[in-house]
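Chemist: Coordinates in my_file22.cif, mmCIF, C-alpha atoms, are listed below.
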```cif
data_coords
#
loop_
_atom_site.label_atom_id
_atom_site.label_comp_id
_atom_site.auth_asym_id
_atom_site.auth_seq_id
_atom_site.Cartn_x
_atom_site.Cartn_y
_atom_site.Cartn_z
CA MET A 859 0.00 0.00 0.00
CA THR A 860 1.04 3.61 -0.53
CA ALA A 861 2.01 5.84 2.40
CA THR A 862 -1.33 7.65 2.40
CA GLU A 863 -3.34 4.45 2.07
CA THR A 864 -1.39 2.77 4.88
CA LEU A 865 -1.85 5.71 7.22
CA ALA A 866 -5.54 6.07 6.34
CA THR A 867 -6.19 2.38 6.91
CA TRP A 868 -4.63 2.66 10.35
CA VAL A 869 -6.75 5.74 11.15
CA ALA A 870 -9.90 3.82 10.26
CA THR A 871 -9.06 0.52 11.94
CA VAL A 872 -6.81 0.99 14.98
CA PRO A 873 -8.73 -0.61 17.87
CA ARG A 874 -10.41 1.67 20.38
CA THR A 875 -9.02 -0.51 23.15
CA ARG A 876 -5.52 0.51 22.08
CA THR A 877 -6.16 4.24 22.22
CA ALA A 878 -8.18 3.88 25.43
CA ALA A 879 -5.07 2.48 27.13
CA VAL A 880 -3.42 5.90 26.87
CA ALA A 881 -6.49 7.88 27.95
CA PRO A 882 -4.70 9.51 30.93
CA LEU A 883 -2.10 11.00 28.57
CA ALA A 884 -4.80 12.19 26.18
CA THR A 885 -6.77 13.69 29.06
CA ALA A 886 -3.73 15.69 30.16
CA GLY A 887 -3.30 17.01 26.62
CA MET A 888 -6.98 17.89 26.37
CA ARG A 889 -6.88 19.71 29.71
CA ASP A 890 -3.83 21.79 28.81
CA ALA A 891 -5.26 22.79 25.43
CA ILE A 892 -8.62 23.77 26.90
CA GLY A 893 -6.84 25.85 29.52
CA CYS A 894 -4.94 27.66 26.78
CA ILE A 895 -8.18 28.29 24.85
CA LEU A 896 -9.84 29.76 27.93
CA ALA A 897 -6.82 31.93 28.71
CA GLY A 898 -6.63 33.21 25.14
CA ALA A 899 -10.33 33.57 24.34
CA GLN A 900 -10.55 37.27 25.20
CA GLU A 901 -7.37 38.26 23.36
CA GLU A 902 -7.72 40.66 20.47
CA THR A 903 -6.88 38.27 17.63
CA PRO A 904 -9.46 35.52 18.37
CA ARG A 905 -12.09 38.21 19.04
CA ARG A 906 -11.41 39.75 15.64
CA VAL A 907 -11.49 36.31 13.99
CA ALA A 908 -14.85 35.63 15.63
CA ALA A 909 -16.19 38.97 14.42
CA ALA A 910 -15.09 38.15 10.89
CA VAL A 911 -16.71 34.71 10.66
CA THR A 912 -19.93 35.52 12.53
CA ARG A 913 -21.27 37.33 9.45
CA TRP A 914 -21.55 33.94 7.71
CA GLY A 915 -24.23 32.57 10.00
CA SER A 916 -24.78 30.49 13.10
CA GLY A 917 -24.33 26.77 13.65
CA PRO A 918 -24.11 23.98 16.22
CA SER A 919 -20.62 24.56 17.62
CA HIS A 920 -19.72 27.16 20.21
CA VAL A 921 -16.91 29.66 20.49
CA ILE A 922 -15.39 28.86 23.86
CA GLY A 923 -15.81 31.69 26.32
CA SER A 924 -18.83 33.09 24.52
CA GLY A 925 -22.44 32.24 23.82
CA ARG A 926 -21.82 32.49 20.09
CA ALA A 927 -22.55 29.32 18.09
CA LEU A 928 -21.13 28.86 14.59
CA PRO A 929 -20.73 26.20 11.92
CA SER A 930 -18.12 23.79 13.23
CA PRO A 931 -15.26 24.85 10.88
CA TRP A 932 -15.62 28.47 11.99
CA ALA A 933 -15.82 27.54 15.69
CA ALA A 934 -12.64 25.51 15.25
CA LEU A 935 -10.98 28.47 13.53
CA VAL A 936 -11.77 30.82 16.41
CA ASN A 937 -10.97 28.35 19.18
CA GLY A 938 -7.74 27.24 17.50
CA THR A 939 -6.62 30.86 17.29
CA ALA A 940 -7.42 31.31 20.98
CA ALA A 941 -5.51 28.12 21.86
CA HIS A 942 -2.34 29.41 20.23
CA VAL A 943 -2.52 33.17 20.79
CA LEU A 944 -0.63 33.16 24.12
CA ASP A 945 1.96 30.62 22.90
CA TYR A 946 1.27 28.71 26.10
CA ASP A 947 0.16 25.53 24.28
CA ASP A 948 2.19 22.33 24.11
CA THR A 949 4.70 21.34 21.46
CA PHE A 950 5.14 17.94 19.84
CA GLY A 951 8.57 16.76 18.78
CA PRO A 952 7.87 14.89 15.50
CA LEU A 953 5.65 17.75 14.34
CA SER A 954 8.15 20.50 15.20
CA GLY A 955 5.09 22.50 16.15
CA HIS A 956 2.02 22.79 18.32
CA ALA A 957 -0.27 19.78 18.30
CA THR A 958 -3.23 20.10 20.63
CA ALA A 959 -3.89 23.75 19.73
CA VAL A 960 -4.94 22.32 16.35
CA LEU A 961 -6.42 18.97 17.32
CA VAL A 962 -8.51 19.89 20.36
CA PRO A 963 -10.39 22.81 18.72
CA SER A 964 -11.22 20.67 15.69
CA ILE A 965 -12.29 17.69 17.82
CA LEU A 966 -14.44 19.79 20.15
CA ALA A 967 -16.18 21.72 17.37
CA LEU A 968 -16.88 18.65 15.26
CA GLY A 969 -17.68 16.60 18.35
CA GLU A 970 -20.26 19.14 19.44
CA GLU A 971 -21.85 19.04 15.99
CA ILE A 972 -22.13 15.24 15.84
CA ALA A 973 -22.73 14.64 19.59
CA ALA A 974 -19.52 12.69 20.14
CA ASP A 975 -18.94 11.17 23.57
CA GLY A 976 -15.93 11.66 25.81
CA PRO A 977 -14.05 8.46 24.90
CA ALA A 978 -14.44 9.29 21.20
CA LEU A 979 -12.88 12.72 21.76
CA LEU A 980 -9.82 11.24 23.45
CA ASP A 981 -9.56 8.50 20.82
CA ALA A 982 -9.55 11.09 18.01
CA LEU A 983 -6.87 13.11 19.79
CA VAL A 984 -4.59 10.09 20.09
CA VAL A 985 -5.11 9.15 16.43
CA GLY A 986 -4.49 12.72 15.24
CA LEU A 987 -1.20 12.83 17.11
CA ASP A 988 -0.01 9.68 15.37
CA VAL A 989 -0.91 11.14 11.98
CA MET A 990 1.07 14.27 12.83
CA ALA A 991 4.00 12.14 14.00
CA ALA A 992 4.02 10.02 10.84
CA VAL A 993 3.93 12.99 8.47
CA GLY A 994 6.40 14.91 10.64
CA ARG A 995 8.91 12.09 10.39
CA GLY A 996 8.59 12.27 6.62
CA VAL A 997 9.42 15.96 6.30
CA ASN A 998 11.29 17.19 9.39
CA PRO A 999 13.72 18.69 10.22
CA LYS A 1000 14.05 19.94 6.64
CA HIS A 1001 10.46 21.17 6.47
CA TYR A 1002 10.80 23.32 9.58
CA ALA A 1003 14.28 24.56 8.62
CA LEU A 1004 12.94 25.78 5.27
CA GLY A 1005 10.59 28.10 7.16
CA TRP A 1006 7.30 26.22 7.09
CA HIS A 1007 5.14 26.60 10.20
CA ALA A 1008 4.43 22.93 10.80
CA THR A 1009 1.58 23.73 13.20
CA SER A 1010 -0.32 24.93 10.16
CA THR A 1011 0.98 22.62 7.43
CA ILE A 1012 1.28 19.21 9.08
CA GLY A 1013 -1.35 20.33 11.57
CA ALA A 1014 -4.03 20.42 8.87
CA ILE A 1015 -3.26 16.82 7.89
CA GLY A 1016 -3.23 15.64 11.50
CA ALA A 1017 -6.56 17.35 12.17
CA ALA A 1018 -8.05 15.70 9.09
CA GLY A 1019 -6.99 12.31 10.44
CA ALA A 1020 -8.47 13.09 13.86
CA CYS A 1021 -11.76 14.29 12.34
CA ALA A 1022 -11.97 11.31 10.00
CA ARG A 1023 -11.61 9.09 13.05
CA LEU A 1024 -14.26 11.03 14.99
CA MET A 1025 -16.66 10.67 12.05
CA ASN A 1026 -15.94 6.92 11.78
CA LEU A 1027 -14.89 7.21 8.15
CA ASP A 1028 -13.71 4.04 6.47
CA ALA A 1029 -10.20 3.68 5.06
CA ARG A 1030 -11.11 5.26 1.73
CA GLY A 1031 -12.84 8.17 3.45
CA ALA A 1032 -9.85 8.74 5.72
CA GLN A 1033 -7.55 8.57 2.69
CA ASP A 1034 -9.56 11.27 0.93
CA ALA A 1035 -9.58 13.39 4.09
CA LEU A 1036 -5.79 13.25 4.34
CA SER A 1037 -5.43 14.01 0.64
CA LEU A 1038 -7.77 16.98 0.77
CA ALA A 1039 -5.97 18.34 3.81
CA VAL A 1040 -2.70 18.32 1.87
CA SER A 1041 -4.37 20.78 -0.50
CA MET A 1042 -5.19 23.01 2.47
CA ALA A 1043 -1.76 22.85 4.14
CA ALA A 1044 -0.05 26.26 4.27
CA GLY A 1045 1.66 28.72 6.58
CA THR A 1046 5.25 29.91 7.05
CA ARG A 1047 7.31 31.11 9.97
CA MET A 1048 7.44 34.61 8.52
CA GLN A 1049 4.31 35.19 10.66
CA LEU A 1050 6.09 34.65 13.99
CA GLY A 1051 5.19 37.59 16.19
CA ALA A 1052 2.24 38.61 13.98
CA PRO A 1053 -1.45 37.91 14.66
CA ALA A 1054 -1.44 35.49 11.72
CA LYS A 1055 0.85 33.15 13.65
CA SER A 1056 -1.86 32.26 16.15
CA LEU A 1057 -4.40 32.16 13.33
CA HIS A 1058 -2.38 29.30 11.80
CA ALA A 1059 -3.57 26.86 14.48
CA GLY A 1060 -7.17 27.85 13.80
CA LEU A 1061 -6.76 27.50 10.04
CA ALA A 1062 -5.38 23.98 10.49
CA ALA A 1063 -8.22 23.03 12.84
CA LYS A 1064 -10.76 24.36 10.34
CA ALA A 1065 -9.04 22.49 7.50
CA GLY A 1066 -9.31 19.20 9.39
CA ILE A 1067 -13.07 19.50 9.73
CA LEU A 1068 -13.54 20.62 6.13
CA ALA A 1069 -11.37 17.83 4.74
CA ALA A 1070 -13.10 15.07 6.71
CA THR A 1071 -16.60 16.41 6.02
CA LEU A 1072 -15.93 16.74 2.29
CA ALA A 1073 -14.51 13.22 2.25
CA ALA A 1074 -17.60 11.93 4.05
CA GLU A 1075 -19.70 13.36 1.22
CA GLY A 1076 -17.60 11.59 -1.41
CA VAL A 1077 -15.34 14.44 -2.48
CA GLY A 1078 -12.12 12.62 -3.29
CA GLY A 1079 -8.47 13.57 -3.49
CA ALA A 1080 -5.47 11.98 -5.14
CA ALA A 1081 -5.07 8.45 -3.83
CA GLU A 1082 -1.47 9.16 -2.86
CA ALA A 1083 -0.90 12.62 -1.40
CA LEU A 1084 2.21 12.23 0.73
CA GLU A 1085 4.93 10.49 -1.29
CA GLY A 1086 6.05 11.06 -4.88
CA GLN A 1087 6.26 13.86 -7.42
CA TRP A 1088 4.10 16.89 -6.59
CA ARG A 1089 3.13 15.24 -3.31
CA PHE A 1090 3.45 16.72 0.16
CA VAL A 1091 6.91 15.51 1.16
CA GLU A 1092 8.74 16.47 -2.02
CA MET A 1093 6.86 19.74 -2.47
CA PHE A 1094 7.48 20.87 1.11
CA THR A 1095 11.06 19.63 1.51
CA GLY A 1096 12.52 19.25 -1.98
CA ARG A 1097 13.47 15.62 -1.35
CA PRO A 1098 11.78 12.22 -1.08
CA ALA A 1099 10.83 10.87 2.31
CA PRO A 1100 13.16 8.27 3.83
CA GLU A 1101 11.64 4.87 3.14
CA GLY A 1102 9.07 3.69 5.65
CA VAL A 1103 9.30 6.59 8.09
CA MET A 1104 5.66 7.60 7.63
CA ALA A 1105 4.27 4.22 8.59
CA PRO A 1106 1.84 4.24 11.53
CA PRO A 1107 2.90 2.41 14.70
CA ALA A 1108 3.04 -1.37 14.50
CA ASP A 1109 0.64 -3.40 16.61
CA ASP A 1110 3.30 -4.00 19.27
CA ALA A 1111 4.77 -0.47 19.22
CA PRO A 1112 3.83 2.43 21.48
CA LEU A 1113 1.60 5.17 20.18
CA ALA A 1114 3.10 8.59 19.53
CA ILE A 1115 1.56 10.08 22.66
CA GLU A 1116 3.58 7.49 24.60
CA SER A 1117 6.83 7.30 22.65
CA ASP A 1118 7.20 10.98 21.76
CA GLY A 1119 4.87 12.60 24.25
CA LEU A 1120 3.56 16.13 24.51
CA ALA A 1121 5.84 18.85 25.83
CA PHE A 1122 3.80 21.20 28.00
CA LYS A 1123 4.87 24.80 28.37
CA ALA A 1124 5.92 26.36 31.63
CA TYR A 1125 5.97 29.89 30.16
CA PRO A 1126 3.64 31.62 27.65
CA THR A 1127 6.43 32.32 25.18
CA CYS A 1128 7.96 30.87 22.03
CA ALA A 1129 9.50 27.51 22.87
CA ALA A 1130 12.81 28.79 21.48
CA THR A 1131 13.19 30.89 24.64
CA HIS A 1132 12.48 28.11 27.12
CA LEU A 1133 15.88 26.47 27.58
CA SER A 1134 17.43 29.90 28.09
CA LEU A 1135 14.68 30.81 30.56
CA ASP A 1136 15.14 27.52 32.42
CA ALA A 1137 18.88 28.18 32.74
CA LEU A 1138 18.46 31.82 33.79
CA LEU A 1139 15.81 31.01 36.38
CA ALA A 1140 18.12 28.37 37.88
CA LEU A 1141 20.69 31.16 38.35
CA ARG A 1142 18.16 33.72 39.55
CA PRO A 1143 18.58 33.07 43.31
CA HIS A 1144 22.30 33.89 43.01
CA PHE A 1145 22.10 37.49 41.76
CA ALA A 1146 20.12 40.68 42.15
CA PRO A 1147 18.88 42.42 38.98
CA GLU A 1148 20.86 45.58 39.70
CA GLU A 1149 24.10 43.55 39.71
CA VAL A 1150 23.72 42.40 36.12
CA THR A 1151 25.98 43.96 33.50
CA ALA A 1152 25.20 41.48 30.71
CA ILE A 1153 23.31 38.29 29.96
CA GLU A 1154 24.47 36.08 27.08
CA THR A 1155 22.84 32.96 25.74
CA ASP A 1156 24.04 30.47 23.13
CA LEU A 1157 21.31 28.33 21.56
CA PRO A 1158 20.70 26.25 18.43
CA LEU A 1159 20.61 28.40 15.32
CA VAL A 1160 17.22 27.02 14.25
CA LEU A 1161 15.77 28.40 17.49
CA ARG A 1162 17.70 31.66 17.28
CA ARG A 1163 16.02 32.41 13.96
CA ASN A 1164 12.56 32.36 15.55
CA LEU A 1165 13.42 35.19 17.93
CA MET A 1166 13.14 38.11 15.55
CA HIS A 1167 11.88 40.96 17.75
CA PRO A 1168 14.68 42.60 19.77
CA ASP A 1169 12.51 45.64 20.58
CA PRO A 1170 8.96 44.29 20.91
CA ARG A 1171 5.98 46.61 20.92
CA THR A 1172 3.20 44.07 21.35
CA GLY A 1173 2.66 41.05 23.54
CA MET A 1174 2.95 38.74 20.55
CA GLU A 1175 6.27 40.27 19.50
CA ALA A 1176 7.51 40.01 23.10
CA ARG A 1177 6.89 36.26 23.04
CA PHE A 1178 9.39 36.09 20.18
CA SER A 1179 11.96 38.37 21.83
CA MET A 1180 14.79 36.73 23.76
CA GLU A 1181 15.79 40.19 24.95
CA TYR A 1182 12.42 40.86 26.53
CA CYS A 1183 11.90 37.37 27.97
CA LEU A 1184 15.30 37.16 29.65
CA ALA A 1185 15.14 40.74 30.93
CA ALA A 1186 11.70 40.14 32.43
CA ALA A 1187 12.81 36.85 34.02
CA ALA A 1188 16.02 38.36 35.40
CA THR A 1189 14.06 41.22 36.89
CA GLN A 1190 11.18 39.35 38.47
CA GLY A 1191 11.45 35.57 38.05
CA ALA A 1192 9.14 33.15 36.22
CA LEU A 1193 6.93 34.55 33.46
CA GLY A 1194 3.15 34.38 33.18
CA PRO A 1195 0.50 35.73 30.79
CA ALA A 1196 0.34 39.10 32.57
CA ASP A 1197 3.96 39.80 31.57
CA PHE A 1198 2.86 40.16 27.95
CA GLU A 1199 0.01 42.60 28.48
CA GLY A 1200 -0.24 46.39 28.42
CA ALA A 1201 2.10 48.35 30.66
CA ALA A 1202 4.14 45.24 31.51
CA LEU A 1203 5.84 45.54 28.12
CA VAL A 1204 7.39 48.92 28.99
CA ARG A 1205 8.46 48.38 32.61
CA PRO A 1206 11.59 50.54 33.10
CA PRO A 1207 13.74 47.86 34.82
CA VAL A 1208 13.02 45.40 32.00
CA ARG A 1209 13.65 47.92 29.23
CA ALA A 1210 16.87 49.08 30.89
CA LEU A 1211 18.24 45.52 30.93
CA MET A 1212 17.24 44.52 27.39
CA PRO A 1213 20.19 46.23 25.59
CA ARG A 1214 22.58 44.18 27.74
CA ILE A 1215 21.23 40.85 26.50
CA ALA A 1216 22.87 39.05 23.58
CA MET A 1217 22.24 35.70 21.93
CA GLN A 1218 24.29 33.60 19.57
CA GLY A 1219 22.97 30.89 17.26
CA LEU A 1220 24.99 27.67 17.20
CA PRO A 1221 25.06 25.67 13.94
CA GLU A 1222 23.61 22.18 14.04
CA PRO A 1223 25.70 19.63 12.08
CA ASP A 1224 23.60 17.28 9.96
CA GLY A 1225 22.54 14.24 11.92
CA ALA A 1226 23.96 15.51 15.21
CA PRO A 1227 21.84 16.30 18.24
CA PRO A 1228 21.12 19.99 18.81
CA PRO A 1229 23.84 21.83 20.73
CA ALA A 1230 23.17 22.65 24.37
CA THR A 1231 21.80 26.04 25.40
CA THR A 1232 24.02 28.04 27.74
CA VAL A 1233 23.31 31.21 29.70
CA ARG A 1234 26.02 33.43 31.19
CA VAL A 1235 25.12 36.20 33.64
CA ARG A 1236 27.90 38.77 34.06
CA LEU A 1237 27.83 40.72 37.32
CA ALA A 1238 29.30 44.05 38.35
CA ASP A 1239 31.77 42.41 40.78
CA GLY A 1240 33.34 40.40 37.95
CA ARG A 1241 31.60 37.11 38.62
CA VAL A 1242 30.17 35.13 35.69
CA LEU A 1243 27.34 32.73 36.51
CA THR A 1244 26.84 29.96 33.95
CA GLU A 1245 24.10 27.38 33.46
CA THR A 1246 23.48 24.91 30.62
CA ARG A 1247 20.30 23.13 29.56
CA THR A 1248 19.48 20.54 26.89
CA ILE A 1249 15.96 19.38 27.86
CA ARG A 1250 13.40 22.05 28.56
CA ARG A 1251 11.09 21.97 31.53
CA GLY A 1252 7.72 20.47 30.65
CA SER A 1253 9.06 18.08 28.02
CA PRO A 1254 8.50 14.32 28.46
CA ASP A 1255 12.08 13.85 29.67
CA ASN A 1256 11.86 16.77 32.12
CA PRO A 1257 8.16 16.86 32.97
CA MET A 1258 6.18 19.34 34.98
CA SER A 1259 4.46 17.70 37.92
CA GLU A 1260 0.76 16.92 37.90
CA ALA A 1261 0.30 19.61 40.56
CA GLU A 1262 2.02 22.16 38.30
CA LEU A 1263 -0.12 21.20 35.30
CA VAL A 1264 -3.31 21.42 37.34
CA ALA A 1265 -2.24 24.81 38.68
CA LYS A 1266 -1.56 25.99 35.14
CA PHE A 1267 -5.02 24.88 33.99
CA ARG A 1268 -6.73 26.59 36.92
CA ASP A 1269 -4.79 29.80 36.40
CA CYS A 1270 -5.60 29.82 32.67
CA ALA A 1271 -9.27 28.94 33.14
CA SER A 1272 -9.77 31.52 35.89
CA ARG A 1273 -8.95 34.29 33.43
CA LEU A 1274 -12.40 33.66 31.96
CA LEU A 1275 -14.50 31.41 34.24
CA PRO A 1276 -15.64 31.84 37.84
CA PRO A 1277 -14.19 29.37 40.38
CA GLU A 1278 -17.16 27.00 40.37
CA ARG A 1279 -17.06 26.71 36.57
CA VAL A 1280 -13.31 26.12 36.64
CA ALA A 1281 -13.83 23.22 39.03
CA ALA A 1282 -16.70 21.82 36.97
CA ALA A 1283 -14.68 22.03 33.75
CA GLU A 1284 -11.70 20.34 35.37
CA ALA A 1285 -13.93 17.50 36.60
CA ALA A 1286 -15.62 17.12 33.20
CA ILE A 1287 -12.27 16.83 31.43
CA ALA A 1288 -11.03 14.31 33.98
CA GLY A 1289 -14.15 12.20 33.35
CA LEU A 1290 -14.00 12.10 29.55
CA ALA A 1291 -12.51 8.61 29.43
CA SER A 1292 -15.52 7.16 31.20
CA GLY A 1293 -18.32 9.26 29.77
CA GLY A 1294 -19.49 12.78 29.18
CA SER A 1295 -19.85 14.40 25.80
CA ALA A 1296 -18.49 17.20 23.69
CA ARG A 1297 -21.74 19.09 24.08
CA ASP A 1298 -21.74 18.89 27.88
CA LEU A 1299 -18.08 19.89 28.08
CA VAL A 1300 -18.35 22.84 25.71
CA ALA A 1301 -21.45 24.05 27.55
CA LEU A 1302 -19.30 24.41 30.68
CA LEU A 1303 -16.72 26.39 28.73
CA SER A 1304 -19.10 28.72 26.93
CA GLY A 1305 -21.63 31.35 27.85
#
```
Could you quickly redo this structure as structure tokens?
Modeler:
Amino acid sequence: MTATETLATWVATVPRTRTAAVAPLATAGMRDAIGCILAGAQEETPRRVAAAVTRWGSGPSHVIGSGRALPSPWAALVNGTAAHVLDYDDTFGPLSGHATAVLVPSILALGEEIAADGPALLDALVVGLDVMAAVGRGVNPKHYALGWHATSTIGAIGAAGACARLMNLDARGAQDALSLAVSMAAGTRMQLGAPAKSLHAGLAAKAGILAATLAAEGVGGAAEALEGQWRFVEMFTGRPAPEGVMAPPADDAPLAIESDGLAFKAYPTCAATHLSLDALLALRPHFAPEEVTAIETDLPLVLRRNLMHPDPRTGMEARFSMEYCLAAAATQGALGPADFEGAALVRPPVRALMPRIAMQGLPEPDGAPPPATTVRVRLADGRVLTETRTIRRGSPDNPMSEAELVAKFRDCASRLLPPERVAAAEAAIAGLASGGSARDLVALLSG
């Protein structure tokens, strides 16, 4: 079978018992994504997106944090934008991008439309992650290095797989959904720091619903969309995929949510800043801000290129500014959403320190692991404090604790919901594996 056919057959036939076995991992991913949607729902960009799509009519799926109900693709577009707007959402290694900010909005919007139950939502999330992992292995790291925003490109294909699974499409239907999503895959990293960057997650979520719904109605795509001339891998990387890398997991192999895992974010900033922030915050107890004469960080060049706003003027630009993030952390400690809002961006102590921060991108030899990230803090008395990191906090190999993840969800959710609704939403998410429904869950998150 071709790569697309093999992957689609797996999407349609992988046993529910297999995905149910990893329900706790899927639940954690669902919870984190929903928290990020709630925290981002009142930001300017998702509000403007909602205003734009509302003119096209109402539907069965709700914009989280509002009483507005839209056709499911438009609800997914708005909620996906909200999920990604604070850059607080998880990352996923094989994707080289943000996974649940795409998958959860598409699953919730479509699930609300078709009255999907809780186990089906978690099942679709697990399947969508494996589709993202398979396609990501076929194109990365070249795809990401060329400047594609994989959240939007591979994300659309992963969401199509998740939605095909949620709709119980057969292998041919899933194959068409994946193929159609390839025709919707777009988005480059030129948008980092712009409102369009968070929109990318919403566009991919919308594409997943559209592709699966069109496929369900018999709208077909090319039988093979991933491998070969004019297909996804060669068009988006300029080279063929290594043989067999896009195969779904074998029957005796772990699923992607187990083997690769989701990397949750400890700070609402571009992931390229996180190793440097981890290192600086480890040094933070050993200096006072007024002692600092310079802060230097060396990091992989591919990450350095994402941080393109040395003098940010908006919260989104600040999330892609190493200068701002390190200055804010050196001045006050760990960062939260409030550090990227309003007057926080122009705090005099932070602005005074920013010109003394420098970063250097380290080349990554082909086939070698990424170089370590190092932070040096130079102090007025001549001391130089140094710390090195290779695995960022929140990643599967350096996880945040369950208590930390719960606290993050509650903090995010409380930006929009009263305490009793936060508790009810947390309980509903925790109970998805054994029952509940998309409609009941979204009702708690809306209004």
Chemist: Do you know which residues the PyMOL selection byres ((chain A and resi 1240-1254) around 9) returns on this file, as a PyMOL selection string?
Modeler: chain A and resi 948-949+1118-1124+1129+1132-1134+1136-1138+1140-1141+1144-1145+1228-1239+1255-1259
Chemist: So, with all atoms listed in the file as the atoms that count, which of A:Ala1296, A:Leu961, A:Val1264, A:Met1166 lies closest to Ala886 of chain A?
Modeler: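 Among the listed residues, A:Val1264 lies closest to Ala886 of chain A.
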Chemist: Do a neighbour search on segment 1284-1287 of chain A at 12 Å with only C-alpha atoms, toss out local chain neighbours closer than 3 positions, and write the hits as a ChimeraX atom specification.
Modeler: /A:881-882,884-893,966,975-977,979-980,1263-1272,1275,1277-1281,1290-1303
Chemist: Please evaluate the PyMOL selection byres ((chain A and resi 929-932) around 8) against the displayed coordinates and give the resulting residues as a PDB file with C-alpha atoms, keeping the file's coordinate frame.
Modeler:
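Printed below is out.pdb as written:
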```pdb
ATOM      1  CA  VAL A 911     -16.710  34.710  10.660  1.00  0.00           C
ATOM      2  CA  GLY A 915     -24.230  32.570  10.000  1.00  0.00           C
ATOM      3  CA  SER A 916     -24.780  30.490  13.100  1.00  0.00           C
ATOM      4  CA  GLY A 917     -24.330  26.770  13.650  1.00  0.00           C
ATOM      5  CA  PRO A 918     -24.110  23.980  16.220  1.00  0.00           C
ATOM      6  CA  SER A 919     -20.620  24.560  17.620  1.00  0.00           C
ATOM      7  CA  HIS A 920     -19.720  27.160  20.210  1.00  0.00           C
ATOM      8  CA  ALA A 927     -22.550  29.320  18.090  1.00  0.00           C
ATOM      9  CA  LEU A 928     -21.130  28.860  14.590  1.00  0.00           C
ATOM     10  CA  ALA A 933     -15.820  27.540  15.690  1.00  0.00           C
ATOM     11  CA  ALA A 934     -12.640  25.510  15.250  1.00  0.00           C
ATOM     12  CA  LEU A 935     -10.980  28.470  13.530  1.00  0.00           C
ATOM     13  CA  VAL A 936     -11.770  30.820  16.410  1.00  0.00           C
ATOM     14  CA  SER A 964     -11.220  20.670  15.690  1.00  0.00           C
ATOM     15  CA  ALA A 967     -16.180  21.720  17.370  1.00  0.00           C
ATOM     16  CA  LEU A 968     -16.880  18.650  15.260  1.00  0.00           C
ATOM     17  CA  GLU A 971     -21.850  19.040  15.990  1.00  0.00           C
ATOM     18  CA  ALA A1063      -8.220  23.030  12.840  1.00  0.00           C
ATOM     19  CA  LYS A1064     -10.760  24.360  10.340  1.00  0.00           C
ATOM     20  CA  ALA A1065      -9.040  22.490   7.500  1.00  0.00           C
ATOM     21  CA  ILE A1067     -13.070  19.500   9.730  1.00  0.00           C
ATOM     22  CA  LEU A1068     -13.540  20.620   6.130  1.00  0.00           C
TER      23      LEU A1068
END
```
Chemist: Just the residues within 9 Å of segment 873-876 of chain A, please, counting all atoms listed in the file, with nothing from its chain fewer than 4 positions along; format it as number ranges by chain.
Modeler: A: 880, 977-978, 981, 1113
